[in-house]
Amino acid sequence: MKRVKKHIKKLKEHKYINNLLTLVVVILGFYIIFAPLIPQAKWVVVEETPLKEVFSKSDDVLLAADGQIGSNRLFIPKLGLSEVIYEGGSEQLSKGVLRRSQTSTPDIGSNTVLVGHRFTYSQKGVFYHLDKLNVGDMISVHWEIDKFDYQVTEILTVSPESVYIEDPTENNILTIYTCTPLWTAKERLVVRAKLL
């Protein structure tokens, strides 16, 4: 009889552990399924963003949404995006927006190329909503002490091998690209904009 009671007690302990592990697996499953949808849900819920007020201020004030002045930054008012532009190798890509080092800078002219993740579980996905831009939308780059205003002229999808999008150009343009479709690296979503 003692053995039976001992065995029942062990089964109850195992049942408790099994229930706890099941709960952990269910929570992780929900996270894996719903985490990629959180930015989309925020986009639908939030109609106005505080960044739109930044762009209505004087052009003389290079003020970022977080109060930093004069840092190299990318602003896309329609997306409510204000991000520091990092320099360096691909390891900087995990921080946000990266300027491709072999391309130009806005103050020099030619083709300035910025890249960023669309979505990852472990790194910052700054261009999640890049597909919501349209031809005619405005983009600003604060570079050194100058502000460069661009207008979107072209949106296209290319293969990862289409490196021509980084080629130098005669005109001062901005090229931004990220992976597409969402949650894959199958192709690249490219937004091109001309300097105003």
# chains A, B, ... in the order shown; residues from 1 in each chain; ligands from 1
call {"tool": "residues_around", "arguments": {"residues": "Phe127 (chain A)", "least_positions_apart": "4", "cutoff": "7 Å", "atoms": "only C-alpha atoms", "output": "list in words"}}
result
Gly116, His117, Arg118 and Thr178 of chain A
call {"tool": "residues_around", "arguments": {"residues": "region 141-146 of chain A", "least_positions_apart": "6", "cutoff": "7 Å", "atoms": "only C-alpha atoms", "output": "MDAnalysis selection string"}}
result
chainID A and resid 70:75 106
call {"tool": "residues_around", "arguments": {"residues": "region 92-101 of chain A", "least_positions_apart": "6", "cutoff": "8 Å", "atoms": "only C-alpha atoms", "output": "JSON, numbers by chain"}}
result
{"A": [83, 84, 85, 86, 112, 113, 114, 115, 116, 117, 123, 124, 125, 126]}
call {"tool": "residues_around", "arguments": {"residues": "Ser140 (chain A)", "least_positions_apart": "5", "cutoff": "9 Å", "atoms": "only C-alpha atoms", "output": "short mmCIF file (atom, residue, chain, number, x, y, z; two decimals) with all heavy atoms, in the first residue's frame"}}
result
data_model
loop_
_atom_site.label_atom_id
_atom_site.label_comp_id
_atom_site.auth_asym_id
_atom_site.auth_seq_id
_atom_site.Cartn_x
_atom_site.Cartn_y
_atom_site.Cartn_z
N ARG A 73 20.75 60.90 -38.99
CA ARG A 73 19.47 60.25 -38.72
C ARG A 73 18.63 60.17 -39.99
O ARG A 73 18.72 61.03 -40.86
CB ARG A 73 18.67 61.01 -37.66
CG ARG A 73 19.33 61.00 -36.29
CD ARG A 73 18.42 61.60 -35.25
NE ARG A 73 17.37 60.68 -34.87
CZ ARG A 73 17.48 59.74 -33.94
NH1 ARG A 73 18.60 59.59 -33.29
NH2 ARG A 73 16.47 58.97 -33.64
N LEU A 74 17.78 59.16 -40.01
CA LEU A 74 16.80 58.98 -41.07
C LEU A 74 15.42 59.24 -40.48
O LEU A 74 15.08 58.68 -39.43
CB LEU A 74 16.87 57.55 -41.62
CG LEU A 74 15.76 57.13 -42.59
CD1 LEU A 74 15.89 57.90 -43.90
CD2 LEU A 74 15.82 55.63 -42.84
N PHE A 75 14.64 60.11 -41.15
CA PHE A 75 13.26 60.39 -40.73
C PHE A 75 12.31 60.03 -41.88
O PHE A 75 12.51 60.49 -43.00
CB PHE A 75 13.07 61.89 -40.42
CG PHE A 75 13.81 62.36 -39.21
CD1 PHE A 75 15.04 62.98 -39.32
CD2 PHE A 75 13.25 62.21 -37.95
CE1 PHE A 75 15.72 63.43 -38.21
CE2 PHE A 75 13.93 62.67 -36.83
CZ PHE A 75 15.16 63.27 -36.96
N ILE A 76 11.31 59.24 -41.58
CA ILE A 76 10.25 58.98 -42.55
C ILE A 76 8.94 59.28 -41.83
O ILE A 76 8.41 58.45 -41.09
CB ILE A 76 10.27 57.53 -43.07
CG1 ILE A 76 11.65 57.19 -43.65
CG2 ILE A 76 9.19 57.34 -44.13
CD1 ILE A 76 11.80 55.76 -44.15
N PRO A 77 8.40 60.50 -42.03
CA PRO A 77 7.23 60.94 -41.27
C PRO A 77 6.02 60.01 -41.42
O PRO A 77 5.34 59.74 -40.44
CB PRO A 77 6.91 62.32 -41.83
CG PRO A 77 8.12 62.74 -42.57
CD PRO A 77 8.88 61.51 -42.94
N LYS A 147 20.46 69.11 -43.46
CA LYS A 147 19.24 68.34 -43.62
C LYS A 147 18.99 68.16 -45.12
O LYS A 147 19.04 69.12 -45.88
CB LYS A 147 18.06 69.06 -42.98
CG LYS A 147 16.76 68.32 -43.09
CD LYS A 147 15.64 69.08 -42.40
CE LYS A 147 14.34 68.33 -42.54
NZ LYS A 147 13.25 69.20 -42.87
N PHE A 148 18.73 66.93 -45.53
CA PHE A 148 18.49 66.61 -46.93
C PHE A 148 17.08 66.03 -47.05
O PHE A 148 16.76 65.01 -46.43
CB PHE A 148 19.52 65.59 -47.44
CG PHE A 148 20.93 66.11 -47.39
CD1 PHE A 148 21.68 65.98 -46.22
CD2 PHE A 148 21.50 66.74 -48.47
CE1 PHE A 148 22.98 66.46 -46.15
CE2 PHE A 148 22.80 67.22 -48.41
CZ PHE A 148 23.53 67.08 -47.25
N ASP A 149 16.25 66.70 -47.83
CA ASP A 149 14.87 66.26 -48.04
C ASP A 149 14.76 65.52 -49.36
O ASP A 149 15.21 66.03 -50.41
CB ASP A 149 13.91 67.45 -48.02
CG ASP A 149 13.83 68.09 -46.65
OD1 ASP A 149 13.80 67.34 -45.65
OD2 ASP A 149 13.79 69.33 -46.57
N TYR A 150 14.16 64.36 -49.30
CA TYR A 150 13.98 63.52 -50.49
C TYR A 150 12.50 63.25 -50.70
O TYR A 150 11.71 63.26 -49.76
CB TYR A 150 14.70 62.18 -50.32
CG TYR A 150 16.20 62.27 -50.19
CD1 TYR A 150 16.81 62.46 -48.96
CD2 TYR A 150 17.01 62.15 -51.32
CE1 TYR A 150 18.19 62.52 -48.84
CE2 TYR A 150 18.40 62.21 -51.20
CZ TYR A 150 18.98 62.40 -49.97
OH TYR A 150 20.33 62.45 -49.85
N GLN A 151 12.16 62.94 -51.96
CA GLN A 151 10.80 62.53 -52.29
C GLN A 151 10.88 61.18 -53.00
O GLN A 151 11.68 61.00 -53.93
CB GLN A 151 10.14 63.56 -53.20
CG GLN A 151 8.68 63.24 -53.47
CD GLN A 151 8.00 64.37 -54.23
OE1 GLN A 151 8.62 65.06 -55.02
NE2 GLN A 151 6.72 64.53 -53.98
#
call {"tool": "closest_residue", "arguments": {"among": "A:Asn18, A:Asn111, A:Thr153, A:Ser90", "to": "Val135 (chain A)", "atoms": "only C-alpha atoms"}}
result
A:Thr153
call {"tool": "atom_distance", "arguments": {"atom1": "CA of Asn171 (chain A)", "atom2": "CA of Gln102 (chain A)"}}
result
16.7 Å
call {"tool": "atom_distance", "arguments": {"atom1": "CA of Leu174 (chain A)", "atom2": "CA of Val191 (chain A)"}}
result
8.1 Å
call {"tool": "select_by_dssp", "arguments": {"residues": "region 73-164 of chain A", "states": "strand (DSSP E)", "output": "ChimeraX atom specification"}}
result
/A:73-76,81-86,97-99,111-115,138-143,146-158
